[in-house]
Amino acid sequence: GLQNPIVQGEHRVALEERCVRLSVPPRRWKSPSFSRRRARMQYVNSDIPYVEAATLEWYTSRQGGGWSGVHTENGFWLTLYGILFADLLLEGKKICFPTPLMEAPLDFEYLSSSAFGLQRTHERLRAIASGPDCTPEGKETEGDQDVDADGSETKMSKILDRNWKRYYGQLVIGVNWRRNKLKEIQSIAECFGGKVIGRVCELLTKDYRLWRHGFPDLLMWKGAEKKGLLVEVKGPGDSLSHAQISWIHELLEAGAAVDVCHVVRPP
């Protein structure tokens, strides 16, 4: 099962843990070792009833780094993905949508790339991951293309701006139009960078149903410094789920800063 490339995310983590448990005596195979990135550990002493609120208070304080932040879990990331890919998801509406009340093509959660074509998907992912604006000065992007005639890619914020203005208020999978303002979404996205956002979008495109949950609890950023931080919060006796372990590994591999914060209750 572990050699099958289809097995990924939380399912792969569960299989790896099962292999380790089965390798103990009297089994005769050597205990396997699996390489997986681990987040930095933090510990916060607090008697605030909600552990997410306690952690958010600490990170926004001077002692915790003076971050701006919000408890969002999957919400921000699914909204960001939906806006970035709104045109690709909705352009085939007459064919793929039997009713105007649908928010994505019928097969989207099962065969995501088939919903809007591999070539355009790859172009959009490249445009997102390009980071700084690569469009030549004074040159406008034509139509819905993410790549200019000379091969340079548009900036992620331009795609957000274009799709926000064109599809605001429409049903798009994962999008809560009232959660954040456009400028805030663009600012936060720039704090995390194209490589991180691109990896998140790539995984959601490959298997939206699998990867749509398990994101870290807190979204932290410093707009002036262009820094982003993700924090998974755990209370006493709590541990990481398979989905959370998978996302932490992928985010760290993409270059994101991720903490796992344990809230400790005072005696």
# chains A, B, ... in the order shown; residues from 1 in each chain; ligands from 1

call {"tool": "residues_around", "arguments": {"residues": "Glu10 (chain A)", "least_positions_apart": "3", "cutoff": "10 Å", "atoms": "only C-alpha atoms", "output": "PyMOL selection string"}}
result
chain A and resi 7+13-16+210-211+214+241-247

call {"tool": "atom_distance", "arguments": {"atom1": "CA of Cys191 (chain A)", "atom2": "CA of His71 (chain A)"}}
result
16.8 Å

call {"tool": "residues_around", "arguments": {"residues": "Gly75 (chain A)", "least_positions_apart": "6", "cutoff": "12 Å", "atoms": "only C-alpha atoms", "output": "MDAnalysis selection string"}}
result
chainID A and resid 81:82 173:180 185 212:219

call {"tool": "closest_atom_pairs", "arguments": {"of": "region 60-90 of chain A", "to": "region 194-208 of chain A", "cutoff": "12 Å", "atoms": "only C-alpha atoms", "output": "tab-separated table"}}
result
residue	atom	partner	partner_atom	distance
A:Asn74	CA	A:Val200	CA	11.3
A:Phe76	CA	A:Ile197	CA	11.6
A:Trp77	CA	A:Val200	CA	8.0
A:Leu78	CA	A:Leu204	CA	8.6
A:Thr79	CA	A:Cys201	CA	11.0
A:Leu80	CA	A:Cys201	CA	8.9
A:Tyr81	CA	A:Cys201	CA	6.1
A:Gly82	CA	A:Cys201	CA	9.3
A:Ile83	CA	A:Cys201	CA	11.0
A:Leu84	CA	A:Cys201	CA	8.7
A:Phe85	CA	A:Cys201	CA	9.0
A:Leu88	CA	A:Thr205	CA	11.4
A:Leu89	CA	A:Thr205	CA	10.8

call {"tool": "write_last_selection", "arguments": {"atoms": "all heavy atoms", "output": "compact mmCIF listing (two decimals), in the first residue's frame"}}
result
# COMPACT_ATOMS: atom_id res chain seq x y z
N ASN A 74 -9.60 25.38 8.54
CA ASN A 74 -9.63 25.19 7.09
C ASN A 74 -10.22 26.39 6.34
O ASN A 74 -10.03 26.51 5.14
CB ASN A 74 -10.48 23.95 6.73
CG ASN A 74 -10.11 22.75 7.56
OD1 ASN A 74 -8.96 22.56 7.90
ND2 ASN A 74 -11.09 21.93 7.89
N PHE A 76 -9.93 29.79 5.91
CA PHE A 76 -9.21 30.73 5.05
C PHE A 76 -8.64 30.03 3.83
O PHE A 76 -8.70 30.56 2.71
CB PHE A 76 -8.09 31.41 5.83
CG PHE A 76 -7.20 32.27 4.97
CD1 PHE A 76 -7.57 33.56 4.64
CD2 PHE A 76 -6.00 31.78 4.47
CE1 PHE A 76 -6.77 34.35 3.82
CE2 PHE A 76 -5.19 32.56 3.66
CZ PHE A 76 -5.58 33.84 3.34
N TRP A 77 -8.05 28.86 4.01
CA TRP A 77 -7.36 28.18 2.92
C TRP A 77 -8.33 27.71 1.84
O TRP A 77 -8.02 27.78 0.65
CB TRP A 77 -6.55 27.01 3.48
CG TRP A 77 -5.49 27.47 4.41
CD1 TRP A 77 -5.51 27.43 5.78
CD2 TRP A 77 -4.25 28.10 4.07
NE1 TRP A 77 -4.37 27.98 6.30
CE2 TRP A 77 -3.57 28.40 5.27
CE3 TRP A 77 -3.65 28.44 2.85
CZ2 TRP A 77 -2.33 29.03 5.30
CZ3 TRP A 77 -2.41 29.06 2.86
CH2 TRP A 77 -1.77 29.34 4.08
N LEU A 78 -9.50 27.22 2.24
CA LEU A 78 -10.48 26.80 1.24
C LEU A 78 -11.06 28.01 0.50
O LEU A 78 -11.34 27.93 -0.70
CB LEU A 78 -11.60 26.00 1.92
CG LEU A 78 -11.16 24.70 2.59
CD1 LEU A 78 -12.38 23.93 3.11
CD2 LEU A 78 -10.34 23.82 1.67
N THR A 79 -11.24 29.11 1.22
CA THR A 79 -11.70 30.34 0.57
C THR A 79 -10.66 30.84 -0.43
O THR A 79 -10.98 31.21 -1.57
CB THR A 79 -11.99 31.43 1.62
OG1 THR A 79 -13.15 31.04 2.38
CG2 THR A 79 -12.25 32.78 0.96
N LEU A 80 -9.39 30.86 -0.01
CA LEU A 80 -8.31 31.31 -0.90
C LEU A 80 -8.24 30.44 -2.14
O LEU A 80 -8.15 30.94 -3.27
CB LEU A 80 -6.98 31.26 -0.14
CG LEU A 80 -5.72 31.61 -0.95
CD1 LEU A 80 -5.77 33.05 -1.42
CD2 LEU A 80 -4.46 31.36 -0.10
N TYR A 81 -8.30 29.13 -1.96
CA TYR A 81 -8.24 28.21 -3.11
C TYR A 81 -9.43 28.43 -4.04
O TYR A 81 -9.27 28.50 -5.27
CB TYR A 81 -8.23 26.76 -2.62
CG TYR A 81 -8.30 25.76 -3.73
CD1 TYR A 81 -7.15 25.40 -4.44
CD2 TYR A 81 -9.51 25.16 -4.10
CE1 TYR A 81 -7.20 24.48 -5.48
CE2 TYR A 81 -9.57 24.25 -5.14
CZ TYR A 81 -8.42 23.91 -5.83
OH TYR A 81 -8.48 23.01 -6.86
N GLY A 82 -10.63 28.55 -3.47
CA GLY A 82 -11.82 28.72 -4.29
C GLY A 82 -11.77 29.98 -5.13
O GLY A 82 -12.19 29.98 -6.30
N ILE A 83 -11.25 31.08 -4.56
CA ILE A 83 -11.16 32.33 -5.32
C ILE A 83 -10.11 32.21 -6.42
O ILE A 83 -10.32 32.63 -7.56
CB ILE A 83 -10.84 33.51 -4.40
CG1 ILE A 83 -11.97 33.70 -3.38
CG2 ILE A 83 -10.63 34.79 -5.19
CD1 ILE A 83 -11.67 34.73 -2.32
N LEU A 84 -8.96 31.63 -6.10
CA LEU A 84 -7.89 31.50 -7.09
C LEU A 84 -8.31 30.64 -8.29
O LEU A 84 -7.84 30.85 -9.41
CB LEU A 84 -6.65 30.89 -6.43
CG LEU A 84 -5.83 31.82 -5.54
CD1 LEU A 84 -4.79 31.02 -4.76
CD2 LEU A 84 -5.14 32.91 -6.36
N PHE A 85 -9.20 29.67 -8.05
CA PHE A 85 -9.59 28.76 -9.13
C PHE A 85 -11.04 28.94 -9.54
O PHE A 85 -11.59 28.09 -10.26
CB PHE A 85 -9.35 27.30 -8.69
CG PHE A 85 -7.91 26.90 -8.71
CD1 PHE A 85 -7.07 27.21 -7.66
CD2 PHE A 85 -7.38 26.23 -9.80
CE1 PHE A 85 -5.73 26.85 -7.67
CE2 PHE A 85 -6.04 25.86 -9.83
CZ PHE A 85 -5.21 26.18 -8.76
N LEU A 88 -11.76 28.73 -13.35
CA LEU A 88 -11.58 27.40 -13.92
C LEU A 88 -12.69 26.46 -13.48
O LEU A 88 -13.09 25.55 -14.22
CB LEU A 88 -10.22 26.83 -13.50
CG LEU A 88 -8.99 27.65 -13.89
CD1 LEU A 88 -7.71 26.87 -13.57
CD2 LEU A 88 -9.02 28.01 -15.37
N LEU A 89 -13.19 26.65 -12.27
CA LEU A 89 -14.26 25.80 -11.77
C LEU A 89 -15.60 26.13 -12.40
O LEU A 89 -16.42 25.23 -12.63
CB LEU A 89 -14.37 25.95 -10.24
CG LEU A 89 -13.29 25.27 -9.41
CD1 LEU A 89 -13.35 25.77 -7.97
CD2 LEU A 89 -13.46 23.76 -9.45

call {"tool": "atom_distance", "arguments": {"atom1": "CA of Glu52 (chain A)", "atom2": "CA of Ile188 (chain A)"}}
result
19.7 Å

call {"tool": "residues_around", "arguments": {"residues": "Gly228 (chain A)", "least_positions_apart": "3", "cutoff": "12 Å", "atoms": "only C-alpha atoms", "output": "tab-separated table (two decimals) with all heavy atoms, in the first residue's frame"}}
result
chain	number	residue	atom	x	y	z
A	65	GLY	N	5.52	37.40	20.17
A	65	GLY	CA	5.99	37.84	18.86
A	65	GLY	C	5.19	38.97	18.24
A	65	GLY	O	5.57	39.50	17.19
A	67	TRP	N	2.17	38.94	16.75
A	67	TRP	CA	1.57	38.59	15.47
A	67	TRP	C	0.13	39.10	15.38
A	67	TRP	O	-0.54	39.29	16.39
A	67	TRP	CB	1.54	37.07	15.30
A	67	TRP	CG	2.88	36.41	15.23
A	67	TRP	CD1	3.66	35.99	16.28
A	67	TRP	CD2	3.60	36.06	14.05
A	67	TRP	NE1	4.81	35.43	15.82
A	67	TRP	CE2	4.81	35.45	14.45
A	67	TRP	CE3	3.35	36.21	12.69
A	67	TRP	CZ2	5.75	34.99	13.54
A	67	TRP	CZ3	4.28	35.76	11.78
A	67	TRP	CH2	5.47	35.16	12.21
A	68	SER	N	-0.34	39.31	14.18
A	68	SER	CA	-1.78	39.42	13.91
A	68	SER	C	-2.26	38.01	13.61
A	68	SER	O	-1.52	37.20	13.04
A	68	SER	CB	-2.06	40.33	12.71
A	68	SER	OG	-1.59	41.63	12.96
A	69	GLY	N	-3.49	37.70	14.00
A	69	GLY	CA	-3.91	36.33	13.77
A	69	GLY	C	-5.38	36.10	13.97
A	69	GLY	O	-6.12	36.96	14.46
A	187	SER	N	-2.97	40.31	1.33
A	187	SER	CA	-1.88	40.59	2.25
A	187	SER	C	-1.40	39.31	2.94
A	187	SER	O	-0.20	39.05	3.04
A	187	SER	CB	-2.32	41.62	3.29
A	187	SER	OG	-1.31	41.83	4.25
A	188	ILE	N	-2.34	38.50	3.41
A	188	ILE	CA	-1.98	37.25	4.09
A	188	ILE	C	-1.30	36.30	3.12
A	188	ILE	O	-0.30	35.65	3.45
A	188	ILE	CB	-3.23	36.59	4.71
A	188	ILE	CG1	-3.80	37.47	5.82
A	188	ILE	CG2	-2.89	35.20	5.26
A	188	ILE	CD1	-5.13	37.00	6.35
A	189	ALA	N	-1.82	36.21	1.89
A	189	ALA	CA	-1.22	35.32	0.89
A	189	ALA	C	0.22	35.71	0.59
A	189	ALA	O	1.10	34.85	0.44
A	189	ALA	CB	-2.05	35.34	-0.40
A	190	GLU	N	0.49	37.01	0.52
A	190	GLU	CA	1.85	37.47	0.26
A	190	GLU	C	2.77	37.17	1.44
A	190	GLU	O	3.97	36.96	1.26
A	190	GLU	CB	1.84	38.97	-0.03
A	190	GLU	CG	1.23	39.32	-1.39
A	190	GLU	CD	1.19	40.81	-1.64
A	190	GLU	OE1	1.66	41.56	-0.76
A	190	GLU	OE2	0.70	41.23	-2.70
A	191	CYS	N	2.22	37.14	2.65
A	191	CYS	CA	3.04	36.81	3.83
A	191	CYS	C	3.53	35.37	3.79
A	191	CYS	O	4.62	35.07	4.28
A	191	CYS	CB	2.24	37.06	5.11
A	191	CYS	SG	1.99	38.81	5.51
A	192	PHE	N	2.74	34.48	3.22
A	192	PHE	CA	3.13	33.07	3.15
A	192	PHE	C	3.89	32.75	1.87
A	192	PHE	O	4.67	31.78	1.84
A	192	PHE	CB	1.90	32.17	3.28
A	192	PHE	CG	1.39	32.06	4.68
A	192	PHE	CD1	0.42	32.93	5.15
A	192	PHE	CD2	1.90	31.11	5.56
A	192	PHE	CE1	-0.04	32.85	6.45
A	192	PHE	CE2	1.45	31.02	6.85
A	192	PHE	CZ	0.47	31.90	7.31
A	193	GLY	N	3.69	33.52	0.83
A	193	GLY	CA	4.47	33.34	-0.38
A	193	GLY	C	3.88	32.36	-1.36
A	193	GLY	O	3.08	31.49	-1.02
A	194	GLY	N	4.31	32.49	-2.62
A	194	GLY	CA	3.77	31.68	-3.69
A	194	GLY	C	4.06	30.20	-3.56
A	194	GLY	O	3.25	29.36	-3.96
A	196	VAL	N	4.36	28.29	-0.82
A	196	VAL	CA	3.47	27.66	0.16
A	196	VAL	C	2.05	27.61	-0.37
A	196	VAL	O	1.39	26.55	-0.33
A	196	VAL	CB	3.52	28.41	1.51
A	196	VAL	CG1	2.48	27.85	2.47
A	196	VAL	CG2	4.91	28.32	2.11
A	197	ILE	N	1.55	28.74	-0.88
A	197	ILE	CA	0.19	28.78	-1.41
A	197	ILE	C	0.06	27.82	-2.59
A	197	ILE	O	-0.95	27.13	-2.74
A	197	ILE	CB	-0.19	30.21	-1.85
A	197	ILE	CG1	-0.02	31.20	-0.69
A	197	ILE	CG2	-1.63	30.24	-2.36
A	197	ILE	CD1	-0.88	30.95	0.50
A	218	LEU	N	-4.54	28.03	13.89
A	218	LEU	CA	-4.36	29.47	13.88
A	218	LEU	C	-3.58	29.94	12.67
A	218	LEU	O	-2.59	29.31	12.27
A	218	LEU	CB	-3.63	29.94	15.15
A	218	LEU	CG	-4.24	29.54	16.49
A	218	LEU	CD1	-3.46	30.16	17.64
A	218	LEU	CD2	-5.71	29.94	16.57
A	219	LEU	N	-4.02	31.05	12.11
A	219	LEU	CA	-3.35	31.70	10.99
A	219	LEU	C	-2.77	33.01	11.50
A	219	LEU	O	-3.51	33.90	11.91
A	219	LEU	CB	-4.35	31.96	9.87
A	219	LEU	CG	-3.87	32.66	8.61
A	219	LEU	CD1	-2.99	31.71	7.79
A	219	LEU	CD2	-5.05	33.12	7.76
A	220	MET	N	-1.44	33.12	11.51
A	220	MET	CA	-0.77	34.30	12.05
A	220	MET	C	0.05	34.96	10.95
A	220	MET	O	0.61	34.29	10.08
A	220	MET	CB	0.16	33.91	13.20
A	220	MET	CG	-0.41	32.89	14.19
A	220	MET	SD	-1.87	33.46	15.07
A	220	MET	CE	-1.22	34.85	15.96
A	221	TRP	N	0.14	36.30	11.01
A	221	TRP	CA	0.91	37.00	9.99
A	221	TRP	C	1.42	38.34	10.52
A	221	TRP	O	0.89	38.90	11.48
A	221	TRP	CB	0.08	37.21	8.73
A	221	TRP	CG	-1.06	38.17	8.88
A	221	TRP	CD1	-1.05	39.51	8.64
A	221	TRP	CD2	-2.39	37.87	9.34
A	221	TRP	NE1	-2.28	40.07	8.90
A	221	TRP	CE2	-3.12	39.07	9.33
A	221	TRP	CE3	-3.02	36.69	9.75
A	221	TRP	CZ2	-4.44	39.14	9.71
A	221	TRP	CZ3	-4.35	36.75	10.13
A	221	TRP	CH2	-5.05	37.96	10.11
A	222	LYS	N	2.48	38.83	9.85
A	222	LYS	CA	3.02	40.16	10.09
A	222	LYS	C	3.12	40.84	8.73
A	222	LYS	O	4.05	40.59	7.97
A	222	LYS	CB	4.39	40.08	10.75
A	222	LYS	CG	4.36	39.53	12.18
A	222	LYS	CD	5.76	39.51	12.79
A	222	LYS	CE	5.73	38.99	14.22
A	222	LYS	NZ	7.09	38.96	14.83
A	223	GLY	N	2.13	41.69	8.43
A	223	GLY	CA	2.04	42.29	7.12
A	223	GLY	C	3.24	43.13	6.75
A	223	GLY	O	3.73	43.07	5.62
A	224	ALA	N	3.75	43.91	7.69
A	224	ALA	CA	4.88	44.79	7.39
A	224	ALA	C	6.15	44.01	7.08
A	224	ALA	O	6.97	44.44	6.27
A	224	ALA	CB	5.12	45.74	8.57
A	225	GLU	N	6.32	42.86	7.72
A	225	GLU	CA	7.52	42.05	7.54
A	225	GLU	C	7.32	40.93	6.53
A	225	GLU	O	8.27	40.19	6.24
A	225	GLU	CB	7.95	41.45	8.88
A	225	GLU	CG	8.23	42.49	9.96
A	225	GLU	CD	8.58	41.86	11.29
A	225	GLU	OE1	9.13	40.73	11.28
A	225	GLU	OE2	8.31	42.47	12.34
A	231	VAL	N	-0.19	27.70	13.34
A	231	VAL	CA	-0.08	27.12	14.68
A	231	VAL	C	-1.19	26.09	14.89
A	231	VAL	O	-2.38	26.41	14.76
A	231	VAL	CB	-0.18	28.20	15.78
A	231	VAL	CG1	0.03	27.56	17.15
A	231	VAL	CG2	0.83	29.32	15.54
A	251	LEU	N	3.41	21.43	4.61
A	251	LEU	CA	3.64	22.87	4.77
A	251	LEU	C	5.11	23.16	5.08
A	251	LEU	O	5.69	24.11	4.55
A	251	LEU	CB	2.74	23.41	5.89
A	251	LEU	CG	1.25	23.47	5.54
A	251	LEU	CD1	0.41	23.65	6.81
A	251	LEU	CD2	0.96	24.58	4.53
A	255	GLY	N	8.21	25.20	2.90
A	255	GLY	CA	8.92	26.36	3.45
A	255	GLY	C	8.13	27.19	4.43
A	255	GLY	O	8.58	28.27	4.84
A	256	ALA	N	6.95	26.72	4.85
A	256	ALA	CA	6.14	27.47	5.81
A	256	ALA	C	6.69	27.30	7.22
A	256	ALA	O	7.33	26.30	7.54
A	256	ALA	CB	4.69	27.01	5.75
A	257	ALA	N	6.41	28.29	8.06
A	257	ALA	CA	6.73	28.19	9.49
A	257	ALA	C	5.51	27.63	10.21
A	257	ALA	O	4.41	28.17	10.09
A	257	ALA	CB	7.10	29.56	10.05
A	258	VAL	N	5.71	26.53	10.94
A	258	VAL	CA	4.60	25.86	11.61
A	258	VAL	C	5.00	25.53	13.05
A	258	VAL	O	6.08	25.00	13.30
A	258	VAL	CB	4.20	24.55	10.89
A	258	VAL	CG1	2.97	23.94	11.55
A	258	VAL	CG2	3.94	24.80	9.41
A	259	ASP	N	4.13	25.87	14.00
A	259	ASP	CA	4.31	25.53	15.40
A	259	ASP	C	3.19	24.59	15.84
A	259	ASP	O	2.06	24.67	15.34
A	259	ASP	CB	4.25	26.78	16.29
A	259	ASP	CG	5.50	27.63	16.22
A	259	ASP	OD1	6.46	27.21	15.52
A	259	ASP	OD2	5.52	28.70	16.84

call {"tool": "atom_distance", "arguments": {"atom1": "CA of Ser239 (chain A)", "atom2": "CA of Glu17 (chain A)"}}
result
14.3 Å

call {"tool": "residues_around", "arguments": {"residues": "Trp164 (chain A)", "least_positions_apart": "3", "cutoff": "10 Å", "atoms": "only C-alpha atoms", "output": "PDB file with C-alpha atoms, in the first residue's frame"}}
result
ATOM      1  CA  ILE A  83     -11.156  32.326  -5.322  1.00  0.00           C
ATOM      2  CA  LEU A  84      -7.892  31.496  -7.087  1.00  0.00           C
ATOM      3  CA  ALA A  86     -13.106  30.231  -9.414  1.00  0.00           C
ATOM      4  CA  ASP A  87     -12.881  30.881 -13.154  1.00  0.00           C
ATOM      5  CA  LYS A 158      -3.889  39.822  -9.682  1.00  0.00           C
ATOM      6  CA  ILE A 159      -5.699  36.498 -10.030  1.00  0.00           C
ATOM      7  CA  LEU A 160      -7.368  37.093  -6.672  1.00  0.00           C
ATOM      8  CA  ASP A 161      -8.405  40.605  -7.687  1.00  0.00           C
ATOM      9  CA  TYR A 167     -17.449  36.080  -9.172  1.00  0.00           C
ATOM     10  CA  TYR A 168     -18.135  37.822  -5.863  1.00  0.00           C
ATOM     11  CA  GLY A 169     -21.277  36.400  -4.225  1.00  0.00           C
ATOM     12  CA  GLN A 170     -21.521  33.366  -6.503  1.00  0.00           C
ATOM     13  CA  TRP A 177     -17.063  35.772   0.607  1.00  0.00           C
ATOM     14  CA  LYS A 181     -11.895  41.388   2.630  1.00  0.00           C
ATOM     15  CA  LEU A 182      -9.954  41.114  -0.619  1.00  0.00           C
TER      16      LEU A 182
END

call {"tool": "select_by_dssp", "arguments": {"residues": "region 25-93 of chain A", "states": "strand (DSSP E)", "output": "list in words"}}
result
Arg40, Met41, Gln42, Tyr43, Val44, Asn45, Ser68, Gly69, Val70 and His71 of chain A

call {"tool": "write_last_selection", "arguments": {"atoms": "C-alpha atoms", "output": "short mmCIF file (atom, residue, chain, number, x, y, z; two decimals), in the first residue's frame"}}
result
data_model
loop_
_atom_site.label_atom_id
_atom_site.label_comp_id
_atom_site.auth_asym_id
_atom_site.auth_seq_id
_atom_site.Cartn_x
_atom_site.Cartn_y
_atom_site.Cartn_z
CA ARG A 40 8.52 23.40 16.37
CA MET A 41 6.99 22.79 19.81
CA GLN A 42 5.72 25.61 21.99
CA TYR A 43 4.17 25.54 25.46
CA VAL A 44 1.79 28.12 26.88
CA ASN A 45 0.55 28.27 30.47
CA SER A 68 -1.78 39.42 13.91
CA GLY A 69 -3.91 36.33 13.77
CA VAL A 70 -7.21 34.52 13.67
CA HIS A 71 -8.59 31.09 14.53
#
